[in-house]
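As C-alpha cells, the structure follows; a few thoughts come after it.
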Amino acid sequence: MTLENVLNCVGGTPCLNLALSSGHVFAKAEFMNPSGSIKDRVAARIIELAIQNGSLRPGMRIAEASSGNMGISLAMAGAAYGYRVTIYMCESASIERRNILRLLGAELVLTPPEQSVGGALEALMADAESDPDVFLVNQFGNKENIAAHYNGTGKELWEDMDGDIDCFISGIGSGGTMMGVGTYLREKNPEVRLIAVEPQGAAALLGHKPKQHGIEGIGDGFLPEIVDPDFIDSIIEVTDSQAVENALALARRKGLFVGMSSGANLAAAALVLKDYPEWKIATTLPDRAERYFSTQLFLNKAV
Ligand code: PMP
C-alpha cells in the first residue's frame, strides 16, 4: 500500500491492553499518529473539510491558539497542503513543542504564561478579526473537533473493545476527546460512565481559576465552549507528581514512552479501579515523552 499524504496516516491507532495489576485499562496509542499526538485527528478533519467546502482556499493562512499539540498537528497539515500556519501559544509551552513548530515552518507567537491558553486565544481572535485571509480553526469552539473523536477515537474504541466498556477517562484540554468519544459510547451504551481528568487545583469543570501546572495539554484555565459539563459524570483531580509518576511507570513497566497527560489518565484510572475493581476502563495515551524532556518536572523524576 502506498499513501499520498501524511494525513492519510492519521487515526486507526492500536488499542493497548495495559494489563495493570489493579484492573483492566485499555488505551488508544495516540502517540502513534504521524505528528505524535491525538490532535492529528482533529487537524486532519478540520483542514480536509475546509479545503473540500472551500472555506480554506490557496493563499489563506491557518491560525490557532494551542497549548502545543494542536499547533503541531496543524503545522503538519498546513505543510502537507501548502498553507502558512500561525500558532499562538503560551511562553510556558515546552521548548520541544516550539522547536517542532518551527521545524514544520509555522510562525509562532508566544503569549504571557500567566494568562494561560486564554491569553493565546485573545491574541488569535484579534489576528483573525484584522486579516480576512485567516482561516480560524478555533478548536475550543469548533464542533468538528468533537466530530473527529466521534467518528474516529470513539468508534475505534468501541470496536477495539467489542463494546465491553464501563467507563471512559479523559483529560480535558479543548474537551474534544471527551465530548466526541463520550457521545459515541453513550449512543451505543447509555450506561457508560464518563470521567474527566483535570490538574489539581486548576479544574475549570469545578469552577477553579486558571493556575500554572505541569500537565501540558490539559487544564488550559477555562471551560471550552464545546464542553457540556452536565454530560460528564465525575471529575478527578490529579497532581503534577501523580501524572509524572504514572507516565514513568508506563515507560519502565510497559515500555510505553508517553507524556504527562497520559500519566494523568492512568493515575485517574487507578483511583477509579480502587472503587470499581471489575470495571473495563477505556482511555487514551495522547502524546509522547520526548515532547517534555526539557521540563524540570520530567527531568527531576526521570534521572
Ligand atoms: N493530552 C495532551 C498531551 C494534549 O495535547 C491534549 C490536547 N490539548 C489533550 C490531552 C486533551 O485533548 P482534548 O483537547 O481533546 O481535550
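Every chain in the C-alpha cells has a letter given in the order shown (A, B, ...), and although residue numbers restart at 1 in each chain, ligands are simply numbered from 1 in the order shown.
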What does the list of residues within 7 Å of ligand 1 look like if you count only C-alpha atoms and all ligand atoms, written as a list in words?
Ser37, Ile38, Lys39, Ser67, Gly68, Asn69, Met70, Gly171, Ile172, Gly173, Ser174, Gly175, Gly176, Thr177, Met178, Glu216, Gly217, Ile218, Gly259, Met260, Ser261, Ser262, Pro286 and Asp287 of chain A
Gln139 of chain A: which residues within 12 Å, counting only C-alpha atoms, same-chain residues fewer than 5 positions away excluded, as number ranges by chain?
A: 39, 41-43, 45-47, 63-67, 69-71, 73-74, 117, 121, 124, 144-148, 173-177, 224-227
Write a file of the just-selected residues containing N, CA and C atoms, as a compact mmCIF listing (two decimals), in the first residue's frame.
```
# COMPACT_ATOMS: atom_id res chain seq x y z
N LYS A 39 -4.07 15.07 18.58
CA LYS A 39 -4.64 16.22 17.88
C LYS A 39 -4.53 16.10 16.36
N ARG A 41 -5.86 13.93 14.66
CA ARG A 41 -7.20 13.54 14.20
C ARG A 41 -8.05 14.79 13.94
N VAL A 42 -7.93 15.76 14.84
CA VAL A 42 -8.74 16.97 14.75
C VAL A 42 -8.24 17.86 13.62
N ALA A 43 -6.92 18.03 13.54
CA ALA A 43 -6.35 18.88 12.48
C ALA A 43 -6.69 18.30 11.11
N ARG A 45 -9.18 16.39 10.18
CA ARG A 45 -10.60 16.55 9.85
C ARG A 45 -10.93 18.01 9.50
N ILE A 46 -10.49 18.94 10.32
CA ILE A 46 -10.84 20.35 10.09
C ILE A 46 -10.22 20.87 8.80
N ILE A 47 -8.97 20.57 8.55
CA ILE A 47 -8.30 21.12 7.35
C ILE A 47 -8.85 20.46 6.08
N ALA A 63 -4.75 29.75 11.30
CA ALA A 63 -4.31 30.30 12.61
C ALA A 63 -5.06 29.61 13.75
N GLU A 64 -4.32 29.40 14.86
CA GLU A 64 -4.91 28.72 16.01
C GLU A 64 -4.17 29.05 17.30
N ALA A 65 -4.89 28.97 18.42
CA ALA A 65 -4.27 29.06 19.74
C ALA A 65 -4.17 27.64 20.27
N SER A 66 -3.02 27.31 20.84
CA SER A 66 -2.82 25.91 21.21
C SER A 66 -1.84 25.81 22.37
N SER A 67 -2.04 24.79 23.21
CA SER A 67 -1.04 24.54 24.24
C SER A 67 0.12 23.74 23.65
N ASN A 69 0.17 20.73 21.11
CA ASN A 69 -0.04 19.62 20.19
C ASN A 69 -0.94 19.97 19.02
N MET A 70 -2.01 20.71 19.24
CA MET A 70 -2.88 21.09 18.13
C MET A 70 -2.10 21.94 17.14
N GLY A 71 -1.25 22.81 17.66
CA GLY A 71 -0.42 23.64 16.80
C GLY A 71 0.47 22.77 15.92
N SER A 73 0.03 19.63 15.06
CA SER A 73 -0.78 18.89 14.08
C SER A 73 -1.19 19.80 12.92
N LEU A 74 -1.53 21.05 13.23
CA LEU A 74 -1.93 21.99 12.17
C LEU A 74 -0.72 22.38 11.32
N VAL A 117 -3.87 29.53 28.23
CA VAL A 117 -4.25 29.48 26.82
C VAL A 117 -5.26 30.59 26.48
N LEU A 121 -5.64 32.72 23.06
CA LEU A 121 -6.91 32.75 22.34
C LEU A 121 -7.32 34.19 21.99
N LEU A 124 -5.21 35.41 19.17
CA LEU A 124 -5.67 34.76 17.93
C LEU A 124 -6.89 35.47 17.36
N GLU A 144 -16.33 20.41 14.78
CA GLU A 144 -15.60 19.36 14.06
C GLU A 144 -14.54 18.70 14.95
N ASN A 145 -14.14 19.38 15.99
CA ASN A 145 -13.22 18.80 16.97
C ASN A 145 -13.91 17.57 17.61
N ILE A 146 -15.18 17.77 17.99
CA ILE A 146 -15.95 16.66 18.57
C ILE A 146 -16.16 15.56 17.53
N ALA A 147 -16.50 15.99 16.31
CA ALA A 147 -16.79 15.02 15.24
C ALA A 147 -15.58 14.12 14.94
N ALA A 148 -14.38 14.70 15.03
CA ALA A 148 -13.17 13.91 14.76
C ALA A 148 -13.07 12.74 15.74
N GLY A 173 -8.63 19.15 27.59
CA GLY A 173 -7.91 20.31 27.06
C GLY A 173 -8.96 21.17 26.38
N SER A 174 -9.17 20.88 25.08
CA SER A 174 -10.31 21.52 24.39
C SER A 174 -11.61 20.81 24.77
N GLY A 175 -11.49 19.57 25.25
CA GLY A 175 -12.66 18.76 25.59
C GLY A 175 -13.18 17.96 24.41
N GLY A 176 -12.54 18.09 23.26
CA GLY A 176 -12.99 17.37 22.05
C GLY A 176 -12.97 15.86 22.24
N THR A 177 -11.91 15.35 22.87
CA THR A 177 -11.81 13.89 23.06
C THR A 177 -12.98 13.41 23.92
N PRO A 224 -13.99 25.22 27.91
CA PRO A 224 -14.18 25.43 26.47
C PRO A 224 -15.66 25.38 26.07
N GLU A 225 -15.96 26.16 25.03
CA GLU A 225 -17.35 26.27 24.54
C GLU A 225 -17.95 24.91 24.17
N ILE A 226 -17.14 24.01 23.63
CA ILE A 226 -17.69 22.73 23.15
C ILE A 226 -17.96 21.73 24.29
N VAL A 227 -17.55 22.09 25.52
CA VAL A 227 -17.74 21.14 26.63
C VAL A 227 -19.08 21.38 27.32
```
Point out the residue among A:Leu3, A:Gln115, A:Arg253, A:Glu156 with the least atom-to-atom distance to Ala19 of chain A, counting only C-alpha atoms.
A:Arg253
Skipping near chain neighbours, those fewer than 2 positions away, what residues fall within 8 Å of segment 209-213 of chain A using only C-alpha atoms, listed as an NGL selection string?
:A and (113-116 or 199 or 201-204 or 207 or 215-216 or 219-222 or 240)
Nearest candidate to Leu205 of chain A (options A:Arg193, A:Ala267, A:Pro229, A:Ala93; using only C-alpha atoms)
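With only C-alpha atoms as the atom set, the closest residue is A:Pro229.
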Just asking: which residues within segment 43-233 of chain A are strand (DSSP E or B) according to DSSP, as a PyMOL selection string?
chain A and resi 61-65+84-90+107-111+134-136+167-171+193-199
Members of segment 135-302 of chain A assigned alpha helix (DSSP H) by DSSP, as a ChimeraX atom specification
/A:143-148,155-160,176-188,240-254,260-275,296-302
Between atom CA of Val181 of chain A and atom CA of Ala282 of chain A, what is the distance, to one decimal in Å?
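Pair atom CA of Val181 of chain A / atom CA of Ala282 of chain A returns 10.1 Å.
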Choose the residue, out of A:Phe293, A:Tyr184, A:Tyr83, A:Tyr88, that has the smallest atom-to-atom separation from Phe168 of chain A; count only C-alpha atoms.
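Using only C-alpha atoms, the shortest distance to Phe168 of chain A belongs to A:Tyr184.
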Kindly indicate which residue among A:Asp160, A:Asp228, A:Glu290, A:Glu48 lies nearest to Ala247 of chain A, using only C-alpha atoms for the distances.
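Distance minimum relative to Ala247 of chain A lands on A:Glu290.
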Selected residue of minimal separation from Cys9 of chain A among A:Asn189, A:Ser21, A:Thr183, A:Ser35, counting only C-alpha atoms:
A:Ser35
Which neighbours of Asn17 of chain A fall inside 10 Å, counting only C-alpha atoms, when residues of the same chain fewer than 2 positions from it are skipped, and could you give them as a list in words?
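Residues meeting the cut-off are Pro14, Cys15, Ala19, Leu20, His24, Val25, Phe26, Ala27, Lys28, Met161 and Ala282 of chain A.
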If you count only C-alpha atoms, which residues fall within 9 Å of Ala80 of chain A, apart from same-chain ones fewer than 2 positions away, as a PyMOL selection string?
chain A and resi 5-7+75-78+82-83
Quick one: pull the distance between atom CA of Arg84 of chain A and atom CA of Leu101 of chain A, Å, one decimal.
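Result for atom CA of Arg84 of chain A versus atom CA of Leu101 of chain A: 11.8 Å, one decimal.
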Kindly indicate which residue among A:Cys90, A:Ala128, A:Met32, A:Ile95 lies nearest to Leu110 of chain A, using only C-alpha atoms for the distances.
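Under the stated criterion, the closest residue is A:Cys90.
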For Val258 of chain A, list every protein, DNA or RNA residue within 6 Å, evaluated using only C-alpha atoms, and leave out those in the same chain fewer than 2 positions away; present the list as a list in words.
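Residues near the query, excluding close chain neighbours: Leu256, Asp287, Arg288 and Ala289 of chain A.
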Convert the current residue selection to file output with N, CA, C and O atoms, as a tab-separated table (two decimals), in the first residue's frame.
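result.tsv, freshly written:
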```
chain	number	residue	atom	x	y	z
A	256	LEU	N	6.26	1.97	27.34
A	256	LEU	CA	5.46	2.97	26.63
A	256	LEU	C	5.94	4.36	26.99
A	256	LEU	O	5.87	4.77	28.15
A	287	ASP	N	0.06	11.67	23.93
A	287	ASP	CA	1.29	12.01	23.19
A	287	ASP	C	2.52	11.34	23.80
A	287	ASP	O	2.41	10.52	24.71
A	288	ARG	N	3.71	11.72	23.25
A	288	ARG	CA	4.97	11.05	23.61
A	288	ARG	C	5.81	11.80	24.63
A	288	ARG	O	5.73	13.02	24.72
A	289	ALA	N	6.69	11.07	25.30
A	289	ALA	CA	7.55	11.65	26.34
A	289	ALA	C	8.59	12.63	25.79
A	289	ALA	O	8.96	13.59	26.47
```
